[in-house]
>>> print(open('coords.cif').read())   # mmCIF, C-alpha atoms
data_my_file
loop_
_atom_site.label_atom_id
_atom_site.label_comp_id
_atom_site.auth_asym_id
_atom_site.auth_seq_id
_atom_site.Cartn_x
_atom_site.Cartn_y
_atom_site.Cartn_z
CA MET K 7 0.00 0.00 0.00
CA TYR K 8 2.90 2.36 0.75
CA VAL K 9 4.44 1.54 -2.64
CA ALA K 10 1.11 2.31 -4.22
CA GLY K 11 0.98 5.58 -2.31
CA VAL K 12 4.41 6.53 -3.63
CA LEU K 13 3.29 5.72 -7.17
CA LEU K 14 0.27 7.95 -6.83
CA VAL K 15 2.30 10.75 -5.28
CA CYS K 16 4.58 10.54 -8.31
CA ALA K 17 1.59 10.58 -10.62
CA ALA K 18 0.13 13.51 -8.71
CA ALA K 19 3.46 15.32 -8.84
CA SER K 20 3.61 14.87 -12.59
CA ALA K 21 0.06 16.12 -12.91
CA CYS K 22 0.78 19.11 -10.67
CA GLY K 23 4.03 19.68 -12.54
CA ARG K 24 1.95 20.69 -15.49
CA THR K 25 1.63 24.18 -14.09
CA GLY K 26 3.70 26.70 -15.97
CA VAL K 27 4.14 27.77 -19.53
CA VAL K 28 3.07 25.20 -22.07
CA SER K 29 4.52 26.93 -25.11
CA PRO K 30 6.08 30.30 -25.86
CA PRO K 31 4.00 32.71 -27.94
CA PRO K 32 4.69 32.57 -31.69
CA PRO K 33 5.80 35.81 -33.35
CA SER K 34 2.37 36.34 -34.87
CA ALA K 35 -1.08 35.13 -34.01
CA SER K 36 -1.73 33.49 -37.38
CA ARG K 37 -2.46 29.79 -37.41
CA ALA K 38 0.18 29.06 -40.02
CA SER K 39 3.08 30.22 -37.86
CA ALA K 40 1.52 28.72 -34.73
CA SER K 41 1.51 25.26 -36.34
CA ALA K 42 5.08 25.69 -37.58
CA HIS K 43 6.17 26.25 -33.98
CA ALA K 44 4.00 23.38 -32.84
CA VAL K 45 6.03 20.94 -34.94
CA GLU K 46 9.23 22.08 -33.27
CA GLU K 47 8.00 22.25 -29.72
CA ASP K 48 5.15 19.75 -29.93
CA ALA K 49 2.74 22.32 -28.60
CA ALA K 50 -0.92 21.52 -29.05
CA GLY K 51 -2.70 23.42 -31.80
CA SER K 52 -5.61 25.77 -31.45
CA ILE K 53 -8.50 24.50 -29.37
CA PHE K 54 -10.79 25.88 -32.08
CA ALA K 55 -9.96 22.81 -34.17
CA LEU K 56 -12.44 21.15 -31.83
CA ASP K 57 -16.03 21.79 -32.81
CA VAL K 58 -18.34 21.95 -29.80
CA ALA K 59 -21.87 23.35 -29.58
CA LEU K 60 -22.30 25.68 -26.61
CA VAL K 61 -25.14 27.56 -24.94
CA ASP K 62 -24.36 30.70 -22.96
CA GLN K 63 -25.99 32.17 -19.85
CA ASN K 64 -28.56 33.98 -22.00
CA GLY K 65 -29.54 30.85 -23.89
CA ALA K 66 -27.68 31.96 -27.03
CA THR K 67 -26.14 29.12 -29.04
CA LEU K 68 -22.61 29.30 -30.37
CA ARG K 69 -19.72 27.07 -31.33
CA LEU K 70 -16.34 26.95 -29.65
CA ALA K 71 -14.64 28.68 -32.59
CA ASP K 72 -16.92 31.69 -32.06
CA LEU K 73 -14.78 32.52 -29.01
CA ALA K 74 -11.78 33.32 -31.22
CA GLY K 75 -10.43 36.86 -31.29
CA HIS K 76 -9.98 37.59 -27.59
CA PRO K 77 -7.45 36.17 -25.15
CA MET K 78 -9.30 33.99 -22.68
CA VAL K 79 -8.91 32.94 -19.08
CA VAL K 80 -10.82 29.67 -18.89
CA THR K 81 -11.87 27.28 -16.19
CA MET K 82 -14.20 24.30 -15.99
CA GLY K 83 -16.53 24.10 -13.03
CA TYR K 84 -20.22 24.07 -12.24
CA ALA K 85 -22.74 26.36 -10.61
CA SER K 86 -23.68 24.20 -7.62
CA CYS K 87 -20.07 23.52 -6.67
CA THR K 88 -19.41 24.77 -3.15
CA SER K 89 -15.86 23.61 -2.54
CA VAL K 90 -13.02 25.08 -4.58
CA CYS K 91 -14.91 26.55 -7.57
CA PRO K 92 -15.74 29.83 -5.80
CA ARG K 93 -12.05 30.27 -5.05
CA VAL K 94 -11.18 29.64 -8.71
CA ILE K 95 -13.62 32.39 -9.68
CA GLU K 96 -11.98 34.71 -7.16
CA ASP K 97 -8.56 33.92 -8.65
CA MET K 98 -9.89 34.76 -12.11
CA LYS K 99 -11.38 38.02 -10.82
CA ALA K 100 -7.96 38.84 -9.32
CA VAL K 101 -6.51 38.47 -12.82
CA GLU K 102 -9.30 40.67 -14.17
CA ARG K 103 -8.46 43.40 -11.65
CA ALA K 104 -4.72 43.07 -12.20
CA LEU K 105 -5.19 43.58 -15.95
CA GLY K 106 -6.75 47.00 -15.42
CA ALA K 107 -7.77 48.57 -18.71
CA ARG K 108 -6.39 45.60 -20.64
CA ALA K 109 -9.22 43.48 -19.22
CA GLN K 110 -11.56 45.00 -21.81
CA ASP K 111 -10.04 42.78 -24.48
CA VAL K 112 -9.98 39.59 -22.39
CA ARG K 113 -12.79 37.10 -21.89
CA PHE K 114 -13.27 35.13 -18.68
CA VAL K 115 -14.92 31.83 -19.46
CA LEU K 116 -16.53 29.22 -17.27
CA LEU K 117 -17.22 25.99 -19.13
CA SER K 118 -19.75 23.99 -17.20
CA LEU K 119 -19.01 20.39 -16.22
CA ASP K 120 -22.64 19.89 -15.27
CA ALA K 121 -24.64 19.50 -18.47
CA ALA K 122 -27.70 18.35 -16.55
CA ARG K 123 -28.07 21.18 -14.07
CA ASP K 124 -26.30 24.26 -15.48
CA SER K 125 -29.16 25.72 -17.49
CA PRO K 126 -29.05 29.37 -18.59
CA PRO K 127 -31.06 30.51 -15.52
CA ALA K 128 -28.69 28.58 -13.22
CA LEU K 129 -25.71 30.23 -14.93
CA ARG K 130 -27.28 33.69 -14.71
CA GLN K 131 -27.84 33.16 -11.00
CA PHE K 132 -24.23 32.08 -10.67
CA ALA K 133 -23.12 35.30 -12.38
CA ARG K 134 -25.23 37.33 -9.94
CA ASP K 135 -23.97 35.38 -6.92
CA HIS K 136 -20.37 36.03 -7.90
CA HIS K 137 -20.84 39.59 -9.22
CA LEU K 138 -19.47 38.74 -12.65
CA ASP K 139 -19.36 41.44 -15.30
CA LEU K 140 -21.08 39.75 -18.23
CA ALA K 141 -19.45 42.21 -20.64
CA ARG K 142 -16.31 40.10 -20.10
CA TRP K 143 -17.53 36.85 -18.56
CA ARG K 144 -19.09 34.02 -20.57
CA LEU K 145 -20.73 31.10 -18.81
CA LEU K 146 -21.12 28.25 -21.25
CA ALA K 147 -22.74 24.82 -21.17
CA ALA K 148 -22.27 21.90 -23.56
CA SER K 149 -23.59 18.35 -23.89
CA ASP K 150 -21.97 15.52 -21.92
CA GLU K 151 -19.93 14.62 -24.98
CA GLY K 152 -18.96 18.27 -25.51
CA VAL K 153 -17.86 18.52 -21.87
CA ARG K 154 -15.71 15.42 -22.32
CA ASP K 155 -14.04 16.88 -25.43
CA LEU K 156 -13.45 20.27 -23.79
CA ALA K 157 -11.95 18.67 -20.68
CA ALA K 158 -9.75 16.54 -22.94
CA VAL K 159 -8.30 19.51 -24.84
CA LEU K 160 -7.85 21.64 -21.71
CA GLY K 161 -6.47 18.83 -19.56
CA VAL K 162 -9.18 19.07 -16.92
CA ARG K 163 -9.85 15.92 -14.90
CA TYR K 164 -13.34 15.32 -13.60
CA ALA K 165 -15.43 12.52 -12.17
CA PRO K 166 -19.00 12.47 -10.90
CA ALA K 167 -19.02 11.38 -7.27
CA ALA K 168 -21.65 9.36 -5.46
CA SER K 169 -22.55 12.46 -3.44
CA GLY K 170 -23.72 14.30 -6.58
CA GLU K 171 -20.61 16.48 -6.56
CA ILE K 172 -18.38 16.52 -9.59
CA VAL K 173 -14.82 16.06 -8.40
CA HIS K 174 -12.52 17.96 -10.72
CA SER K 175 -9.15 19.63 -10.99
CA ALA K 176 -9.12 23.33 -10.16
CA LEU K 177 -7.49 24.49 -13.37
CA ILE K 178 -7.16 27.96 -14.90
CA VAL K 179 -6.05 28.00 -18.52
CA VAL K 180 -4.87 31.03 -20.51
CA VAL K 181 -5.77 30.68 -24.19
CA ASP K 182 -4.58 33.22 -26.74
CA ARG K 183 -6.86 34.88 -29.24
CA SER K 184 -6.21 32.20 -31.87
CA GLY K 185 -7.04 29.39 -29.47
CA VAL K 186 -3.61 28.13 -28.44
CA VAL K 187 -3.16 27.24 -24.76
CA ARG K 188 -0.41 29.45 -23.28
CA TYR K 189 -0.50 28.61 -19.59
CA ARG K 190 -2.17 26.17 -17.26
CA GLN K 191 -2.33 26.72 -13.51
CA LEU K 192 -3.46 23.97 -11.18
CA GLY K 193 -4.69 24.93 -7.75
CA VAL K 194 -6.18 28.04 -6.20
CA GLY K 195 -4.93 30.92 -4.14
CA GLN K 196 -1.89 31.58 -6.28
CA ASP K 197 -0.33 34.84 -7.44
CA PRO K 198 -2.21 36.12 -10.52
CA LYS K 199 0.99 37.54 -12.06
CA PRO K 200 1.98 34.46 -14.13
CA LEU K 201 -1.54 34.33 -15.57
CA VAL K 202 -1.48 38.06 -16.31
CA ASP K 203 1.93 37.70 -17.97
CA ALA K 204 0.74 34.74 -20.05
CA ILE K 205 -2.11 36.77 -21.47
CA GLY K 206 0.46 38.85 -23.32
CA ASP K 207 -0.90 40.82 -26.24
CA MET D 12 -56.21 -53.79 -5.72
CA THR D 13 -56.31 -50.50 -4.03
CA ALA D 14 -56.17 -47.42 -6.24
CA GLN D 15 -52.65 -46.12 -6.33
CA ARG D 16 -52.15 -42.73 -4.74
CA PRO D 17 -50.61 -40.21 -7.10
CA ASP D 18 -46.85 -40.53 -6.81
CA TYR D 19 -45.87 -37.02 -5.73
CA ARG D 20 -42.22 -37.74 -6.27
CA VAL D 21 -42.86 -38.41 -9.94
CA PHE D 22 -45.02 -35.30 -10.10
CA ALA D 23 -42.32 -33.21 -8.42
CA ALA D 24 -39.62 -34.63 -10.64
CA THR D 25 -41.65 -33.92 -13.75
CA THR D 26 -42.32 -30.37 -12.61
CA VAL D 27 -38.67 -29.77 -11.90
CA LEU D 28 -37.70 -31.21 -15.25
CA ALA D 29 -40.26 -29.04 -17.04
CA ALA D 30 -39.02 -26.00 -15.20
CA ALA D 31 -35.44 -26.85 -16.09
CA VAL D 32 -36.33 -27.19 -19.74
CA LEU D 33 -38.12 -23.85 -19.63
CA CYS D 34 -35.15 -22.19 -17.90
CA VAL D 35 -32.70 -23.54 -20.40
CA THR D 36 -34.93 -22.43 -23.26
CA ALA D 37 -35.20 -18.97 -21.77
CA THR D 38 -31.43 -18.81 -21.38
CA LEU D 39 -30.90 -19.91 -24.93
CA ASP D 40 -33.31 -17.19 -26.08
CA GLY D 41 -31.18 -14.68 -24.19
CA ALA D 42 -27.97 -16.13 -25.57
CA ALA D 43 -29.44 -16.00 -29.05
CA LEU D 44 -28.54 -12.28 -28.85
CA GLN D 45 -25.25 -12.84 -30.60
CA ALA D 46 -22.36 -10.44 -30.30
CA ALA D 47 -21.10 -8.87 -33.52
CA PRO D 48 -18.17 -10.63 -35.20
CA GLY D 49 -14.99 -10.16 -33.22
CA MET D 50 -16.92 -8.98 -30.19
CA VAL D 51 -17.87 -10.75 -26.98
CA MET D 52 -21.14 -10.37 -25.12
CA ILE D 53 -20.43 -9.31 -21.56
CA PRO D 54 -23.35 -9.87 -19.16
CA ALA D 55 -24.45 -7.24 -16.68
CA GLY D 56 -22.83 -7.36 -13.28
CA SER D 57 -20.92 -5.30 -10.77
CA TYR D 58 -17.38 -4.79 -9.55
CA ARG D 59 -15.68 -2.93 -6.75
CA PRO D 60 -13.66 0.09 -7.87
CA LEU D 61 -10.54 1.22 -6.05
CA TYR D 62 -11.79 4.69 -5.28
CA ASN D 63 -14.89 6.74 -4.64
CA GLY D 64 -16.34 4.52 -1.95
CA THR D 65 -16.54 0.77 -1.56
CA THR D 66 -20.02 0.38 -3.03
CA PRO D 67 -19.93 -2.05 -5.94
CA ARG D 68 -20.72 -0.34 -9.22
CA ARG D 69 -23.17 -1.92 -11.59
CA VAL D 70 -22.32 -2.30 -15.25
CA GLU D 71 -25.03 -3.04 -17.82
CA ALA D 72 -24.53 -5.76 -20.43
CA PHE D 73 -22.47 -4.68 -23.43
CA GLU D 74 -20.31 -6.05 -26.23
CA MET D 75 -16.55 -5.72 -26.14
CA ASP D 76 -13.91 -6.31 -28.83
CA ALA D 77 -12.25 -9.66 -28.15
CA VAL D 78 -8.84 -8.20 -28.97
CA PRO D 79 -7.40 -4.68 -29.30
CA VAL D 80 -7.48 -2.84 -32.62
CA THR D 81 -4.58 -3.93 -34.83
CA ASN D 82 -2.12 -2.06 -37.04
CA GLY D 83 -3.82 -3.59 -40.08
CA GLU D 84 -7.23 -2.32 -39.01
CA TYR D 85 -5.86 1.12 -38.16
CA LEU D 86 -4.10 1.27 -41.54
CA ALA D 87 -7.43 0.74 -43.30
CA PHE D 88 -8.86 3.57 -41.20
CA VAL D 89 -6.14 6.11 -42.09
CA ARG D 90 -6.37 5.11 -45.76
CA ALA D 91 -10.05 6.00 -45.69
CA ASN D 92 -9.56 9.03 -43.43
CA PRO D 93 -6.40 10.84 -44.59
CA GLN D 94 -6.87 13.59 -42.01
CA TRP D 95 -5.72 10.99 -39.45
CA GLN D 96 -2.53 10.07 -41.29
CA ARG D 97 0.60 10.77 -39.28
CA SER D 98 1.83 13.71 -41.34
CA ARG D 99 -1.59 15.36 -41.51
CA ALA D 100 -3.26 14.80 -38.16
CA GLY D 101 -4.24 17.95 -36.30
CA ARG D 102 -1.84 19.04 -33.57
CA LEU D 103 -4.67 19.51 -31.11
CA PHE D 104 -5.55 15.83 -31.38
CA VAL D 105 -2.19 14.04 -31.60
CA ASP D 106 1.31 14.73 -30.31
CA ALA D 107 4.67 14.33 -32.05
CA ALA D 108 4.89 10.65 -31.10
CA TYR D 109 1.73 9.67 -33.00
CA LEU D 110 2.46 6.46 -34.94
CA ARG D 111 6.15 7.30 -34.60
CA HIS D 112 7.08 3.64 -34.96
CA TRP D 113 5.35 3.29 -38.34
CA THR D 114 7.61 3.51 -41.36
CA SER D 115 5.43 6.13 -43.03
CA ASP D 116 1.87 7.46 -43.18
CA LEU D 117 0.57 4.35 -44.93
CA GLU D 118 3.25 1.80 -44.05
CA PRO D 119 3.24 0.26 -40.59
CA GLY D 120 6.49 -1.49 -41.49
CA ALA D 121 8.48 -4.12 -39.66
CA GLY D 122 8.07 -2.40 -36.29
CA ALA D 123 4.28 -2.62 -36.47
CA PRO D 124 3.05 -6.05 -37.63
CA LEU D 125 -0.41 -5.88 -39.14
CA THR D 126 -1.89 -8.35 -36.66
CA ALA D 127 -0.32 -6.73 -33.59
CA PRO D 128 -2.22 -4.14 -31.51
CA VAL D 129 -1.81 -0.58 -32.77
CA THR D 130 -0.11 1.67 -30.24
CA ALA D 131 1.09 5.28 -30.10
CA VAL D 132 -2.35 6.57 -30.97
CA SER D 133 -4.03 9.34 -29.02
CA TRP D 134 -7.42 9.22 -27.30
CA PHE D 135 -8.82 11.48 -30.03
CA ALA D 136 -7.51 9.17 -32.76
CA ALA D 137 -8.87 6.08 -31.03
CA ARG D 138 -12.28 7.72 -30.69
CA ALA D 139 -12.34 8.71 -34.36
CA TYR D 140 -11.47 5.14 -35.37
CA LEU D 141 -14.20 3.65 -33.20
CA GLU D 142 -16.84 6.17 -34.30
CA ALA D 143 -16.31 4.96 -37.83
CA GLN D 144 -17.12 1.45 -36.55
CA ARG D 145 -20.20 2.57 -34.61
CA LYS D 146 -18.33 1.72 -31.42
CA ARG D 147 -16.95 3.69 -28.49
CA LEU D 148 -14.09 3.42 -26.08
CA PRO D 149 -14.94 1.41 -22.97
CA THR D 150 -15.53 3.40 -19.82
CA VAL D 151 -13.19 2.74 -16.91
CA ASP D 152 -16.07 0.89 -15.24
CA GLN D 153 -16.63 -1.34 -18.27
CA TRP D 154 -12.94 -2.10 -18.70
CA GLU D 155 -12.20 -2.76 -15.04
CA TYR D 156 -15.37 -4.83 -14.68
CA VAL D 157 -14.30 -7.19 -17.50
CA ALA D 158 -10.78 -7.32 -16.07
CA SER D 159 -12.27 -8.40 -12.74
CA LEU D 160 -14.25 -11.31 -14.20
CA ARG D 161 -12.92 -14.78 -13.57
CA ASP D 162 -14.40 -15.81 -16.90
CA ALA D 163 -13.67 -13.08 -19.46
CA ARG D 164 -15.58 -15.09 -22.06
CA GLY D 165 -12.99 -14.72 -24.78
CA VAL D 166 -11.86 -11.14 -24.21
CA ALA D 167 -8.08 -11.37 -24.44
CA GLY D 168 -5.12 -9.18 -23.62
CA LEU D 169 -6.42 -7.37 -20.54
CA HIS D 170 -3.67 -8.52 -18.21
CA GLY D 171 -0.47 -8.10 -20.18
CA ARG D 172 1.98 -5.26 -20.68
CA MET D 173 -0.36 -3.23 -22.86
CA ARG D 174 -2.48 -0.43 -21.54
CA GLU D 175 -5.70 0.64 -23.20
CA TRP D 176 -7.53 3.94 -23.59
CA THR D 177 -10.82 4.40 -21.78
CA LEU D 178 -13.54 6.90 -22.61
CA ASP D 179 -13.32 8.63 -19.23
CA PHE D 180 -9.62 8.13 -18.46
CA ASN D 181 -9.61 11.69 -17.13
CA SER D 182 -11.92 10.65 -14.32
CA SER D 183 -8.89 8.99 -12.74
CA ILE D 184 -7.54 11.68 -10.47
CA ALA D 185 -4.26 11.40 -8.61
CA THR D 186 -4.60 11.48 -4.85
CA GLY D 187 -2.41 13.25 -2.38
CA ASP D 188 0.20 11.99 0.03
CA SER D 189 -1.11 8.67 1.25
CA ARG D 190 0.92 8.83 4.43
CA ARG D 191 -1.41 11.47 5.76
CA ASP D 192 -4.64 10.57 4.05
CA ALA D 193 -5.78 9.16 0.76
CA SER D 194 -8.06 12.04 -0.16
CA LEU D 195 -7.28 14.63 -2.76
CA ASP D 196 -5.36 17.78 -1.92
CA ARG D 197 -8.11 20.30 -1.31
CA ALA D 198 -6.28 23.20 -2.88
CA LEU D 199 -5.86 21.38 -6.18
CA PHE D 200 -9.12 19.60 -6.75
CA CYS D 201 -12.73 20.54 -6.25
CA GLY D 202 -14.74 18.15 -4.18
CA ALA D 203 -11.58 16.66 -2.74
CA ALA D 204 -13.43 15.53 0.35
CA ALA D 205 -15.56 13.23 -1.80
CA PHE D 206 -12.68 11.12 -3.05
CA GLY D 207 -10.29 8.59 -1.61
CA LEU D 208 -8.88 5.14 -2.15
CA SER D 209 -11.03 2.36 -0.79
CA GLY D 210 -8.01 0.28 0.16
CA ALA D 211 -9.05 -2.61 -2.07
CA GLY D 212 -5.93 -4.65 -2.72
CA ASP D 213 -5.67 -5.19 -6.48
CA GLY D 214 -2.13 -4.06 -7.34
CA GLU D 215 -2.62 -4.30 -11.09
CA ALA D 216 -5.75 -2.16 -10.96
CA LEU D 217 -3.87 0.38 -8.85
CA LEU D 218 -1.07 0.56 -11.44
CA ARG D 219 -3.66 1.10 -14.18
CA LEU D 220 -5.22 3.90 -12.13
CA ALA D 221 -1.86 5.55 -11.63
CA PHE D 222 -1.10 5.25 -15.35
CA ARG D 223 -4.42 6.84 -16.32
CA THR D 224 -3.75 9.81 -14.07
CA SER D 225 -0.63 10.59 -16.10
CA LEU D 226 -2.37 10.66 -19.46
CA GLU D 227 -3.52 13.58 -21.57
CA ALA D 228 -5.90 13.03 -24.47
CA ARG D 229 -3.42 13.85 -27.25
CA TYR D 230 -0.64 11.63 -25.91
CA SER D 231 0.71 8.75 -28.00
CA VAL D 232 2.35 6.16 -25.76
CA PRO D 233 4.32 3.10 -26.90
CA ASN D 234 2.39 0.47 -24.92
CA LEU D 235 -1.00 2.19 -25.04
CA GLY D 236 -3.57 0.86 -27.50
CA PHE D 237 -7.35 0.50 -27.47
CA ARG D 238 -10.39 -1.63 -28.22
CA GLY D 239 -14.04 -0.82 -28.74
CA VAL D 240 -17.34 -1.55 -27.07
CA ARG D 241 -20.90 -1.28 -28.20
CA ALA D 242 -24.15 -1.10 -26.26
CA VAL D 243 -26.23 -4.24 -26.59
CA ALA D 244 -29.36 -2.42 -27.72
CA GLU D 245 -27.60 -1.10 -30.80
CA ASP D 246 -27.29 -4.60 -32.22
CA LEU D 247 -30.95 -5.48 -31.98
CA PRO D 248 -32.66 -5.74 -35.38
#
>>> encode(input="coords.cif", output="structure tokens")
Amino acid sequence: MYVAGVLLVCAAASACGRTGVVSPPPPSASRASASAHAVEEDAAGSIFALDVALVDQNGATLRLADLAGHPMVVTMGYASCTSVCPRVIEDMKAVERALGARAQDVRFVLLSLDAARDSPPALRQFARDHHLDLARWRLLAASDEGVRDLAAVLGVRYAPAASGEIVHSALIVVVDRSGVVRYRQLGVGQDPKPLVDAIGD
Amino acid sequence: MTAQRPDYRVFAATTVLAAAVLCVTATLDGAALQAAPGMVMIPAGSYRPLYNGTTPRRVEAFEMDAVPVTNGEYLAFVRANPQWQRSRAGRLFVDAAYLRHWTSDLEPGAGAPLTAPVTAVSWFAARAYLEAQRKRLPTVDQWEYVASLRDARGVAGLHGRMREWTLDFNSSIATGDSRRDASLDRALFCGAAAFGLSGAGDGEALLRLAFRTSLEARYSVPNLGFRGVRAVAEDLP
């Protein structure tokens, strides 16, 4: 059992070790140069290569690629989560404040893990509860399959628990305006500066 | 001569025999639901997972590929779906090690015998292959349930060196320092209080869990392949 514990600590360490910069920004935001760098550094391509149908907090339908054009600070969570999710939102709001005027150009995105319960009214209530400025925040829901694909491209781990909770990694991801992941931060209560720096231009 | 009383033993025996014949017939009717070629019918049942409580989890009946997908089968898939060939596959969905051991896009070569399991394919690639077959990746529950069966009914290759993709591999979440407690570090994972190892002793299952926690969906890993499953209802005429 101790050996098994060591194995899992190692696995956890490798998972936690995924904080930090995933890939340096390419010289331009075009997809052509981004993929040229991807071959050299084996960075993942734009998340917009994944087609997912989404519904926002107002009930508007969109596809993942419709989020292109603004740098994004993204997390996956769900409205009825009472454990760490509120702290993740606070960390994202700290980034929003730290950006100052630059925050106008950035989008703060919550992708729901809870397809069944996170309806548009539930997401609007969540926005009110957390005082989110919907000019910059998007709260988005997808189907179960869409959630699985989004978690797969972002590297979020999640599992429904017997209690009705959804256990999941507290992950904040910075995505540039062409959809390439620039930074992933695991865990809450950390200094917003690396996230702010990763947002770049 | 006195009238013979009905022989209840004969009556009982006949009833039991009739019931047995009916039971066998009913079973045969159930077994007449044949699995698709190359697949094995797995009956419903339950197994005890390593984590998330000690309650046994129920798994409904399903069909599972008897063996993992081979290089030959995967070659046919990339011929028909060039967007999944090694030099063309999207960088979001595969990493640089995708089919690295193949000689070229359409040549598995000596390092990848056609009848051997295909490896170094990402979760996205495996899913695309299986979708084309009207199949899906097994869930962790389905895979671990079959692995726990004493009689795997012809499903082979679950207990060797090879690992296999599961649909919800990212539900396997690494736990914290087991010397203090087996639950998840609360600063890293939401709902950490809900999780923890049950202490069930299967070392192989524990190694598989640890392996899954290290995976990302675009990874291509040398000993990681896959097989497909299909819900039983989908095969009904």
>>> residues_around(input="coords.cif", residues="Ala104 (chain K)", least_positions_apart="6", cutoff="8 Å", atoms="all atoms listed in the file", output="list of chain:residue names")
K:Pro198, K:Lys199, K:Val202
>>> resolve_selection(input="coords.cif", expression="the PyMOL selection byres ((chain D and resi 176) around 12)", output="number ranges by chain")
D: 79-80, 129-138, 141, 147-151, 153-155, 169, 173-175, 177-181, 219-220, 222-224, 226-232, 234-240
>>> resolve_selection(input="coords.cif", expression="the PyMOL selection byres ((chain K and resi 62) around 8)", output="PDB file with C-alpha atoms, in the frame of the given file")
ATOM      1  CA  LEU K  60     -22.300  25.680 -26.610  1.00  0.00           C
ATOM      2  CA  VAL K  61     -25.140  27.560 -24.940  1.00  0.00           C
ATOM      3  CA  GLN K  63     -25.990  32.170 -19.850  1.00  0.00           C
ATOM      4  CA  ASN K  64     -28.560  33.980 -22.000  1.00  0.00           C
ATOM      5  CA  GLY K  65     -29.540  30.850 -23.890  1.00  0.00           C
ATOM      6  CA  ALA K  66     -27.680  31.960 -27.030  1.00  0.00           C
ATOM      7  CA  THR K  67     -26.140  29.120 -29.040  1.00  0.00           C
ATOM      8  CA  LEU K  68     -22.610  29.300 -30.370  1.00  0.00           C
ATOM      9  CA  PRO K 126     -29.050  29.370 -18.590  1.00  0.00           C
ATOM     10  CA  ARG K 144     -19.090  34.020 -20.570  1.00  0.00           C
ATOM     11  CA  LEU K 145     -20.730  31.100 -18.810  1.00  0.00           C
ATOM     12  CA  LEU K 146     -21.120  28.250 -21.250  1.00  0.00           C
ATOM     13  CA  ALA K 147     -22.740  24.820 -21.170  1.00  0.00           C
TER      14      ALA K 147
END
>>> resolve_selection(input="coords.cif", expression="the PyMOL selection byres ((chain D and resi 90-102) around 6)", output="tab-separated table (two decimals) with C-alpha atoms, in the frame of the given file")
chain	number	residue	atom	x	y	z
K	50	ALA	CA	-0.92	21.52	-29.05
K	51	GLY	CA	-2.70	23.42	-31.80
D	87	ALA	CA	-7.43	0.74	-43.30
D	88	PHE	CA	-8.86	3.57	-41.20
D	89	VAL	CA	-6.14	6.11	-42.09
D	103	LEU	CA	-4.67	19.51	-31.11
D	104	PHE	CA	-5.55	15.83	-31.38
D	105	VAL	CA	-2.19	14.04	-31.60
D	116	ASP	CA	1.87	7.46	-43.18
>>> closest_residue(input="coords.cif", among="D:Ala167, D:Tyr85, D:Asp152, D:Gln144", to="Pro124 (chain D)", atoms="only C-alpha atoms")
D:Tyr85
>>> residues_around(input="coords.cif", residues="Tyr156 (chain D)", least_positions_apart="3", cutoff="10 Å", atoms="all atoms listed in the file", output="ChimeraX atom specification")
/D:53,55-60,68-70,150-153,159-160,163
>>> write_last_selection(input="coords.cif", atoms="C-alpha atoms", output="compact mmCIF listing (two decimals), in the coordinates of the input")
# COMPACT_ATOMS: atom_id res chain seq x y z
CA ILE D 53 -20.43 -9.31 -21.56
CA ALA D 55 -24.45 -7.24 -16.68
CA GLY D 56 -22.83 -7.36 -13.28
CA SER D 57 -20.92 -5.30 -10.77
CA TYR D 58 -17.38 -4.79 -9.55
CA ARG D 59 -15.68 -2.93 -6.75
CA PRO D 60 -13.66 0.09 -7.87
CA ARG D 68 -20.72 -0.34 -9.22
CA ARG D 69 -23.17 -1.92 -11.59
CA VAL D 70 -22.32 -2.30 -15.25
CA THR D 150 -15.53 3.40 -19.82
CA VAL D 151 -13.19 2.74 -16.91
CA ASP D 152 -16.07 0.89 -15.24
CA GLN D 153 -16.63 -1.34 -18.27
CA SER D 159 -12.27 -8.40 -12.74
CA LEU D 160 -14.25 -11.31 -14.20
CA ALA D 163 -13.67 -13.08 -19.46
>>> residues_around(input="coords.cif", residues="Pro200 (chain K)", least_positions_apart="4", cutoff="10 Å", atoms="only C-alpha atoms", output="list in words")
Gly26, Val27, Val101, Val180, Tyr189, Arg190, Gln191, Gln196, Ala204 and Ile205 of chain K
>>> atom_distance(input="coords.cif", atom1="CA of Leu117 (chain D)", atom2="CA of Val159 (chain K)")
26.7 Å
>>> build_atoms(input="coords.cif", residues="region 178-183 of chain K", atoms="N, CA and C atoms", output="tab-separated table (two decimals), keeping the file's coordinate frame")
chain	number	residue	atom	x	y	z
K	178	ILE	N	-6.94	26.73	-14.14
K	178	ILE	CA	-7.16	27.96	-14.90
K	178	ILE	C	-6.24	27.93	-16.10
K	179	VAL	N	-6.81	28.12	-17.27
K	179	VAL	CA	-6.05	28.00	-18.52
K	179	VAL	C	-6.09	29.35	-19.24
K	180	VAL	N	-4.93	29.83	-19.67
K	180	VAL	CA	-4.87	31.03	-20.51
K	180	VAL	C	-4.78	30.56	-21.96
K	181	VAL	N	-5.72	31.04	-22.76
K	181	VAL	CA	-5.77	30.68	-24.19
K	181	VAL	C	-5.61	31.96	-24.98
K	182	ASP	N	-4.75	31.97	-25.98
K	182	ASP	CA	-4.58	33.22	-26.74
K	182	ASP	C	-5.71	33.41	-27.74
K	183	ARG	N	-5.70	34.54	-28.43
K	183	ARG	CA	-6.86	34.88	-29.24
K	183	ARG	C	-7.04	33.96	-30.44
